[in-house]
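Enquirer: Pasting work-v1.cif below, which is mmCIF, C-alpha atoms and all ligand atoms.
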data_input
loop_
_atom_site.label_atom_id
_atom_site.label_comp_id
_atom_site.auth_asym_id
_atom_site.auth_seq_id
_atom_site.Cartn_x
_atom_site.Cartn_y
_atom_site.Cartn_z
CA MET A 3 180.04 -85.75 90.28
CA ASP A 4 176.58 -84.31 89.85
CA ASP A 5 176.09 -81.02 88.05
CA PHE A 6 173.86 -78.95 90.32
CA SER A 7 174.02 -75.89 88.06
CA ARG A 8 171.41 -77.68 85.92
CA CYS A 9 167.95 -76.74 87.22
CA LYS A 10 165.83 -79.71 88.31
CA ILE A 11 162.56 -78.35 86.96
CA CYS A 12 163.25 -75.94 84.06
CA PRO A 13 165.64 -76.10 81.08
CA ALA A 14 168.06 -73.48 82.55
CA HIS A 15 171.64 -74.48 83.29
CA SER A 16 172.84 -71.55 85.37
CA SER A 17 171.87 -72.24 89.00
CA ILE A 18 174.18 -70.82 91.61
CA PRO A 19 174.98 -71.83 95.19
CA ALA A 20 172.95 -69.38 97.31
CA TYR A 21 172.86 -70.82 100.83
CA VAL A 22 175.87 -72.66 102.22
CA LEU A 23 174.53 -74.66 105.15
CA ARG A 24 176.35 -76.91 107.60
CA ASP A 25 175.58 -80.16 105.72
CA VAL A 26 174.61 -79.07 102.26
CA THR A 27 174.56 -76.16 99.81
CA ILE A 28 171.28 -74.86 98.39
CA TYR A 29 171.28 -73.91 94.71
CA VAL A 30 168.90 -71.35 93.25
CA CYS A 31 167.88 -71.23 89.57
CA PRO A 32 167.92 -67.63 88.33
CA GLU A 33 165.37 -68.47 85.60
CA CYS A 34 162.55 -70.09 87.57
CA GLY A 35 163.68 -69.35 91.14
CA PHE A 36 163.72 -73.02 92.21
CA HIS A 37 165.62 -73.91 95.41
CA TYR A 38 167.24 -77.34 95.73
CA ALA A 39 169.95 -79.02 97.77
CA ALA A 40 173.26 -80.07 96.18
CA HIS A 41 172.74 -83.59 97.43
CA LEU A 42 171.09 -86.74 96.06
CA ASP A 43 170.24 -90.00 97.81
CA GLY A 44 171.31 -92.00 94.79
CA PRO A 45 170.84 -95.78 94.94
CA SER A 46 168.99 -97.06 98.00
CA PRO A 47 171.24 -97.62 101.07
CA GLU A 48 169.63 -101.00 101.65
CA GLU A 49 171.73 -102.32 98.81
CA VAL A 50 174.44 -102.43 101.48
CA PRO A 51 174.07 -105.87 103.14
CA GLY A 52 172.61 -105.63 106.66
CA GLU A 53 171.03 -102.21 106.08
CA GLY A 54 167.30 -101.77 106.23
CA VAL A 55 166.36 -104.27 108.94
CA LEU A 56 163.29 -103.48 111.06
CA THR A 57 164.71 -103.21 114.59
CA ASP A 58 162.57 -103.07 117.77
CA ARG A 59 163.59 -99.46 118.20
CA ALA A 60 162.46 -98.54 114.68
CA ARG A 61 159.24 -100.53 115.11
CA ASN A 62 158.40 -98.70 118.37
CA TYR A 63 159.14 -95.35 116.77
CA MET A 64 156.90 -96.04 113.76
CA GLU A 65 154.14 -97.32 116.04
CA SER A 66 154.34 -94.17 118.18
CA ARG A 67 154.01 -91.91 115.13
CA LEU A 68 150.88 -93.62 113.76
CA LEU A 69 148.40 -91.84 115.98
CA GLU A 70 150.04 -88.50 115.25
CA SER A 71 149.71 -88.95 111.47
CA ARG A 72 146.21 -90.40 111.61
CA GLU A 73 144.39 -87.08 111.57
CA GLN A 74 146.41 -85.80 108.64
CA ASN A 75 145.80 -89.00 106.70
CA LEU A 76 142.07 -88.81 107.35
CA SER A 77 141.99 -85.28 105.96
CA ARG A 78 143.89 -86.50 102.88
CA LEU A 79 141.31 -89.25 102.47
CA ASN A 80 138.49 -86.72 102.72
CA LEU A 81 140.12 -84.64 100.01
CA ILE A 82 140.21 -87.61 97.60
CA LYS A 83 136.58 -88.46 98.41
CA GLN A 84 135.58 -85.09 96.98
CA TYR A 85 136.91 -86.20 93.59
CA SER A 86 136.50 -89.97 93.45
CA PRO A 87 133.91 -92.51 94.64
CA LEU A 88 136.92 -94.64 95.73
CA THR A 89 135.16 -98.03 95.54
CA ALA A 90 137.16 -100.26 93.19
CA ALA A 91 139.41 -97.33 92.20
CA LYS A 92 143.04 -98.28 91.54
CA CYS A 93 145.47 -96.11 93.44
CA LEU A 94 149.25 -95.91 93.51
CA ASP A 95 150.60 -94.40 96.73
CA ILE A 96 154.07 -93.12 95.89
CA GLY A 97 156.14 -92.86 99.07
CA ALA A 98 153.74 -95.03 101.05
CA GLY A 99 155.74 -94.90 104.30
CA VAL A 100 154.47 -97.49 106.78
CA GLY A 101 151.28 -98.12 104.76
CA ILE A 102 148.83 -96.22 106.95
CA PHE A 103 147.24 -94.36 104.03
CA LEU A 104 146.91 -97.48 101.89
CA ASP A 105 145.25 -99.17 104.86
CA LEU A 106 142.70 -96.33 105.05
CA LEU A 107 142.11 -96.54 101.28
CA GLY A 108 141.66 -100.30 101.46
CA ARG A 109 138.87 -99.85 103.99
CA GLN A 110 137.10 -97.68 101.38
CA GLY A 111 137.29 -100.39 98.75
CA VAL A 112 140.27 -98.96 96.89
CA VAL A 113 142.64 -101.38 95.18
CA GLY A 114 145.93 -99.92 96.33
CA ARG A 115 149.59 -100.42 95.48
CA GLY A 116 152.42 -98.61 97.19
CA ILE A 117 156.04 -97.63 96.63
CA GLU A 118 158.39 -97.18 99.56
CA PRO A 119 162.21 -97.07 99.31
CA SER A 120 162.85 -97.73 103.00
CA ALA A 121 163.04 -101.45 103.81
CA PRO A 122 162.16 -101.08 107.53
CA ARG A 123 159.01 -99.13 106.60
CA ARG A 124 158.03 -101.78 104.06
CA ALA A 125 158.57 -104.46 106.70
CA PHE A 126 156.42 -102.52 109.17
CA ALA A 127 153.61 -102.14 106.60
CA GLY A 128 153.64 -105.92 106.11
CA GLU A 129 153.58 -106.66 109.84
CA LYS A 130 151.02 -104.09 110.86
CA TYR A 131 148.62 -103.95 107.92
CA GLY A 132 149.45 -107.00 105.84
CA ILE A 133 150.34 -104.64 102.98
CA SER A 134 153.12 -105.55 100.59
CA LEU A 135 154.86 -102.42 99.31
CA ASN A 136 157.20 -102.27 96.32
CA ARG A 137 160.67 -100.83 96.50
CA GLU A 138 160.98 -100.03 92.77
CA PRO A 139 160.71 -96.25 92.24
CA VAL A 140 157.91 -94.99 90.01
CA GLU A 141 160.37 -94.40 87.13
CA HIS A 142 161.41 -98.08 87.19
CA SER A 143 160.55 -100.33 84.24
CA PHE A 144 158.59 -102.53 86.68
CA TRP A 145 155.91 -99.82 86.77
CA GLN A 146 156.46 -98.14 83.44
CA GLU A 147 156.17 -101.35 81.39
CA GLU A 148 153.38 -103.16 83.24
CA PHE A 149 151.27 -100.34 84.67
CA ALA A 150 151.16 -97.54 82.06
CA ASP A 151 147.74 -95.80 81.87
CA SER A 152 146.37 -98.08 84.56
CA PHE A 153 145.80 -96.12 87.81
CA ASP A 154 142.72 -94.02 88.57
CA LEU A 155 144.53 -92.19 91.36
CA ALA A 156 148.10 -91.45 92.37
CA THR A 157 149.09 -89.92 95.70
CA LEU A 158 152.34 -88.29 96.80
CA TRP A 159 151.93 -87.25 100.43
CA ASP A 160 154.96 -85.35 101.65
CA VAL A 161 157.08 -87.04 99.01
CA ILE A 162 158.02 -84.67 96.18
CA GLU A 163 160.34 -82.66 98.46
CA HIS A 164 162.28 -85.86 99.22
CA VAL A 165 162.90 -87.33 95.76
CA ASP A 166 166.14 -86.79 93.84
CA PHE A 167 164.41 -85.67 90.61
CA PRO A 168 160.91 -84.21 91.07
CA ARG A 169 160.23 -83.55 87.36
CA GLU A 170 161.07 -87.15 86.44
CA THR A 171 159.02 -88.53 89.35
CA LEU A 172 155.92 -86.55 88.35
CA ALA A 173 156.37 -87.41 84.66
CA ALA A 174 156.56 -91.08 85.63
CA ALA A 175 153.38 -90.76 87.71
CA TRP A 176 151.65 -89.09 84.74
CA ARG A 177 152.42 -92.08 82.51
CA LEU A 178 150.93 -94.52 85.04
CA LEU A 179 147.64 -92.63 85.35
CA ARG A 180 144.85 -93.50 82.96
CA PRO A 181 143.41 -90.61 80.92
CA GLY A 182 141.13 -88.79 83.38
CA GLY A 183 143.12 -90.19 86.32
CA MET A 184 143.97 -87.86 89.18
CA LEU A 185 147.06 -86.94 91.12
CA PHE A 186 146.92 -85.80 94.75
CA LEU A 187 149.98 -84.24 96.28
CA ASP A 188 151.04 -82.27 99.32
CA THR A 189 154.42 -80.81 100.19
CA PRO A 190 155.91 -78.06 102.37
CA THR A 191 156.03 -74.58 100.86
CA ARG A 192 158.88 -72.16 100.52
CA GLU A 193 156.38 -69.42 101.28
CA ALA A 194 156.03 -70.69 104.88
CA LEU A 195 157.17 -68.44 107.67
CA ASP A 196 159.98 -70.74 108.83
CA TYR A 197 161.61 -70.71 105.39
CA ARG A 198 161.34 -66.95 105.01
CA ILE A 199 162.77 -66.32 108.45
CA GLY A 200 165.64 -68.69 107.62
CA GLU A 201 166.44 -66.83 104.39
CA PHE A 202 166.19 -63.45 106.07
CA SER A 203 168.40 -64.46 108.97
CA TYR A 204 170.96 -66.04 106.60
CA ARG A 205 171.29 -62.81 104.64
CA LEU A 206 171.32 -60.61 107.70
CA SER A 207 174.07 -62.65 109.35
CA GLY A 208 176.20 -63.07 106.22
CA GLY A 209 175.48 -66.81 106.25
CA ARG A 210 176.34 -67.46 109.89
CA CYS A 211 172.76 -67.91 111.06
CA PRO A 212 170.53 -69.92 108.65
CA LEU A 213 168.10 -70.90 111.48
CA PHE A 214 165.34 -73.13 110.07
CA LEU A 215 167.10 -73.63 106.71
CA GLU A 216 169.48 -76.05 108.50
CA THR A 217 166.64 -78.28 109.65
CA ILE A 218 164.53 -77.94 106.50
CA TYR A 219 167.43 -79.26 104.39
CA ALA A 220 169.03 -81.64 106.93
CA ARG A 221 171.18 -84.12 105.04
CA VAL A 222 169.75 -87.46 106.15
CA PRO A 223 168.69 -90.41 103.97
CA TYR A 224 165.49 -89.45 102.11
CA GLY A 225 165.73 -85.91 103.54
CA HIS A 226 164.38 -82.78 101.86
CA LYS A 227 166.06 -82.01 98.53
CA GLN A 228 163.82 -79.19 97.30
CA ILE A 229 161.08 -76.94 98.59
CA PHE A 230 158.57 -75.60 96.05
CA THR A 231 156.45 -72.51 95.91
CA ALA A 232 152.85 -73.22 94.89
CA GLY A 233 153.46 -71.40 91.58
CA GLN A 234 156.51 -73.52 90.71
CA LEU A 235 154.68 -76.74 91.46
CA VAL A 236 151.67 -75.74 89.36
CA GLU A 237 153.90 -74.70 86.46
CA LEU A 238 155.84 -77.96 86.63
CA LEU A 239 152.67 -80.08 86.65
CA GLN A 240 151.18 -78.10 83.75
CA SER A 241 154.39 -78.45 81.73
CA LEU A 242 154.03 -82.23 82.11
CA GLY A 243 150.47 -82.14 80.77
CA PHE A 244 148.47 -82.09 84.00
CA GLU A 245 145.34 -80.03 84.33
CA ILE A 246 145.17 -78.34 87.75
CA LEU A 247 141.88 -78.90 89.60
CA ARG A 248 142.82 -77.38 92.93
CA VAL A 249 145.66 -75.66 94.76
CA ASN A 250 145.42 -74.62 98.36
CA SER A 251 147.30 -74.67 101.58
CA ARG A 252 147.40 -77.66 103.81
CA HIS A 253 145.20 -77.85 106.85
CA GLU A 254 147.17 -78.90 109.87
CA PRO A 255 146.08 -79.39 113.44
CA PRO A 256 147.07 -76.44 115.64
CA ALA A 257 150.59 -76.89 116.97
CA PRO A 258 151.05 -76.76 120.72
CA SER A 259 153.82 -74.18 120.83
CA PHE A 260 154.93 -71.10 118.96
CA PHE A 261 158.11 -72.75 117.67
CA GLN A 262 156.31 -75.87 116.50
CA ARG A 263 153.91 -73.59 114.71
CA LEU A 264 156.83 -72.11 112.78
CA ARG A 265 158.05 -75.42 111.50
CA PRO A 266 157.52 -77.52 109.45
CA GLY A 267 154.83 -75.02 108.59
CA LYS A 268 151.93 -74.96 106.21
CA GLY A 269 152.20 -76.76 102.96
CA ILE A 270 150.80 -76.85 99.44
CA VAL A 271 148.00 -79.22 98.40
CA VAL A 272 147.45 -79.87 94.69
CA VAL A 273 144.84 -81.94 92.88
CA ALA A 274 145.63 -82.43 89.18
CA ARG A 275 144.25 -84.52 86.35
CA LYS A 276 145.67 -86.26 83.32
CA PRO A 277 143.32 -85.04 80.58
CA GLU A 278 141.06 -87.47 78.74
CA ASN A 279 142.87 -87.70 75.39
ZN ZN A 301 164.88 -73.38 86.89
#
Take the structure in the file and write it out as structure tokens.
Ligand SMILES: [Zn+2]
Expert:
Amino acid sequence: MDDFSRCKICPAHSSIPAYVLRDVTIYVCPECGFHYAAHLDGPSPEEVPGEGVLTDRARNYMESRLLESREQNLSRLNLIKQYSPLTAAKCLDIGAGVGIFLDLLGRQGVVGRGIEPSAPRRAFAGEKYGISLNREPVEHSFWQEEFADSFDLATLWDVIEHVDFPRETLAAAWRLLRPGGMLFLDTPTREALDYRIGEFSYRLSGGRCPLFLETIYARVPYGHKQIFTAGQLVELLQSLGFEILRVNSRHEPPAPSFFQRLRPGKGIVVVARKPEN
């Protein structure tokens, strides 16, 4: 049984259940104000035999989403270009998905490696881009023993909200960066309108009507486990030794309808550096 009263990002041990949703309860730390779901993925489901096969249905779905994510990935690439010449840079893409971003990096001369827990996504990346992704999480000895201080760049695109332990994931990424290496990250923000409306409606209805909170924290494999504010993310990164180069909100293409505009909403973008000794 996991102890969710222990905050995931600060030393406090007094978090309380604040939002009881259909699938999962959201804990809030009274010390740092962090919100996180009382749910962990734990070991990868593909350890169950027969799980994690790339079906035609999954392949078609991933293919159909590529075009949609292309624009966002190009803007991520442009962000990195402002900080790194890219050619011959070594990059670790943590949560590489179907490999689309590593493919873009490869075309710029980047030597990329990627981590992806989902076996069907790894299979798709191999088929589509000829990219071989690793399943070992960044904390795993595979990375920590062989690749310490070795990457120029690390990217976590829409990943930190999905991991079980964000502090440990970022600390592990820190160890793999060389001194002067840079971390690029984006994630949804708790300051977005959808989240605030969800909280407001939950309180107003005595918990009966959490609106967007239900979808933000849907309990699916690799679903959202925590949603940061920009301040919490910056503080966490600084406490791990990172120097913050940039924090701003994510640029997203205009959504076609009012409701789509409300969710998933704007996010946080952070560029941080591991200081040169
Ligand atoms: Zn806390």
Enquirer: I need the residue nearest Asp5 (chain A) from this list: A:Leu235, A:Tyr29, A:Val22, A:Leu81. Use all atoms listed in the file for the distance.
Expert: A:Tyr29
Enquirer: Select from chain A every residue with an atom at most 12 Å from any atom of ligand ZN 301 (chain A), then for each give the shortest pair of atoms and their distance in Å to one decimal, using only C-alpha atoms and all ligand atoms, rows by chain and rising number, as CSV.
Expert:
residue,atom,partner,partner_atom,distance
A:Phe6,CA,A:ZN301,ZN,11.1
A:Ser7,CA,A:ZN301,ZN,9.6
A:Arg8,CA,A:ZN301,ZN,7.9
A:Cys9,CA,A:ZN301,ZN,4.6
A:Lys10,CA,A:ZN301,ZN,6.6
A:Ile11,CA,A:ZN301,ZN,5.5
A:Cys12,CA,A:ZN301,ZN,4.1
A:Pro13,CA,A:ZN301,ZN,6.5
A:Ala14,CA,A:ZN301,ZN,5.4
A:His15,CA,A:ZN301,ZN,7.7
A:Ser16,CA,A:ZN301,ZN,8.3
A:Ser17,CA,A:ZN301,ZN,7.4
A:Ile18,CA,A:ZN301,ZN,10.7
A:Tyr29,CA,A:ZN301,ZN,10.1
A:Val30,CA,A:ZN301,ZN,7.8
A:Cys31,CA,A:ZN301,ZN,4.6
A:Pro32,CA,A:ZN301,ZN,6.7
A:Glu33,CA,A:ZN301,ZN,5.1
A:Cys34,CA,A:ZN301,ZN,4.1
A:Gly35,CA,A:ZN301,ZN,6.0
A:Phe36,CA,A:ZN301,ZN,5.5
A:His37,CA,A:ZN301,ZN,8.6
A:Tyr38,CA,A:ZN301,ZN,10.0
A:Arg169,CA,A:ZN301,ZN,11.2
A:Gln228,CA,A:ZN301,ZN,12.0
A:Phe230,CA,A:ZN301,ZN,11.3
A:Gln234,CA,A:ZN301,ZN,9.2
A:Leu235,CA,A:ZN301,ZN,11.7
A:Glu237,CA,A:ZN301,ZN,11.1
A:Leu238,CA,A:ZN301,ZN,10.1
Enquirer: Ranking A:Leu88, A:Ala127, A:Ala175, A:Ala121 by minimum distance to Gly108 (chain A) and counting only C-alpha atoms, which one comes first?
Expert: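 Looking only at the distances to Gly108 (chain A), the closest residue turns out to be A:Leu88.
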Enquirer: For a quick check of your reading of the model, name the residues lying within 9 Å of the coordinate (163.7, -88.3, 94.4), counting all atoms listed in the file, and write them as a list of chain:residue names.
Expert: A:Leu42, A:Asp43, A:Gly44, A:Pro139, A:Val161, A:Ile162, A:Glu163, A:His164, A:Val165, A:Asp166, A:Phe167, A:Pro168, A:Glu170, A:Thr171, A:Tyr224, A:Lys227
Enquirer: Selected residues, C-alpha atoms, written as a CSV table (one decimal), keeping the file's coordinate frame, please.
Expert:
chain,number,residue,atom,x,y,z
A,42,LEU,CA,171.1,-86.7,96.1
A,43,ASP,CA,170.2,-90.0,97.8
A,44,GLY,CA,171.3,-92.0,94.8
A,139,PRO,CA,160.7,-96.2,92.2
A,161,VAL,CA,157.1,-87.0,99.0
A,162,ILE,CA,158.0,-84.7,96.2
A,163,GLU,CA,160.3,-82.7,98.5
A,164,HIS,CA,162.3,-85.9,99.2
A,165,VAL,CA,162.9,-87.3,95.8
A,166,ASP,CA,166.1,-86.8,93.8
A,167,PHE,CA,164.4,-85.7,90.6
A,168,PRO,CA,160.9,-84.2,91.1
A,170,GLU,CA,161.1,-87.2,86.4
A,171,THR,CA,159.0,-88.5,89.4
A,224,TYR,CA,165.5,-89.4,102.1
A,227,LYS,CA,166.1,-82.0,98.5
Enquirer: With 9 Å as the threshold, what does the neighbourhood of (158.0, -97.1, 94.0) contain in terms of residues, counting only C-alpha atoms? Coordinates are those of the file; answer as a tab-separated table (two decimals) with C-alpha atoms, keeping the file's coordinate frame.
Expert:
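Resulting contents of point-v6.tsv:
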chain	number	residue	atom	x	y	z
A	94	LEU	CA	149.25	-95.91	93.51
A	95	ASP	CA	150.60	-94.40	96.73
A	96	ILE	CA	154.07	-93.12	95.89
A	97	GLY	CA	156.14	-92.86	99.07
A	98	ALA	CA	153.74	-95.03	101.05
A	116	GLY	CA	152.42	-98.61	97.19
A	117	ILE	CA	156.04	-97.63	96.63
A	118	GLU	CA	158.39	-97.18	99.56
A	119	PRO	CA	162.21	-97.07	99.31
A	135	LEU	CA	154.86	-102.42	99.31
A	136	ASN	CA	157.20	-102.27	96.32
A	137	ARG	CA	160.67	-100.83	96.50
A	138	GLU	CA	160.98	-100.03	92.77
A	139	PRO	CA	160.71	-96.25	92.24
A	140	VAL	CA	157.91	-94.99	90.01
A	141	GLU	CA	160.37	-94.40	87.13
A	142	HIS	CA	161.41	-98.08	87.19
A	145	TRP	CA	155.91	-99.82	86.77
Enquirer: Counting only C-alpha atoms, figure out which residue out of A:Ser120, A:Ser86, A:Thr189, A:Asn279 gets nearest to Val100 (chain A).
Expert: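 Selected residue with least distance to Val100 (chain A): A:Ser120.
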Enquirer: Using only C-alpha atoms, pick whichever of A:Val113, A:Pro87, A:Ala39, A:Leu104 has the shortest atom-to-atom distance to Ala20 (chain A).
Expert: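 Ranking A:Val113, A:Pro87, A:Ala39, A:Leu104 by distance to Ala20 (chain A), first place goes to A:Ala39.
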Enquirer: Applying 12 Å and all atoms listed in the file, which residues near Asp105 (chain A) remain after dropping the ones on its own chain fewer than 2 positions away? List them as a ChimeraX atom specification.
Expert: /A:68,72,75-76,79,93,95,98-103,107-116,127-128,130-135
Enquirer: Could you tell me how far CA of Ala174 (chain A) sits from CA of Ile229 (chain A), in Å to one decimal place?
Expert: 19.7 Å
Enquirer: Grab the CA of Glu70 (chain A) to CA of Arg275 (chain A) distance for me, in Å with one decimal place.
Expert: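 It comes out at 29.7 Å.
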Enquirer: Between A:Val271, A:Arg177, A:Pro223, A:Leu172, which has the minimum distance to Phe153 (chain A) (counting only C-alpha atoms)?
Expert: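 Result for the nearest residue to Phe153 (chain A): A:Arg177.
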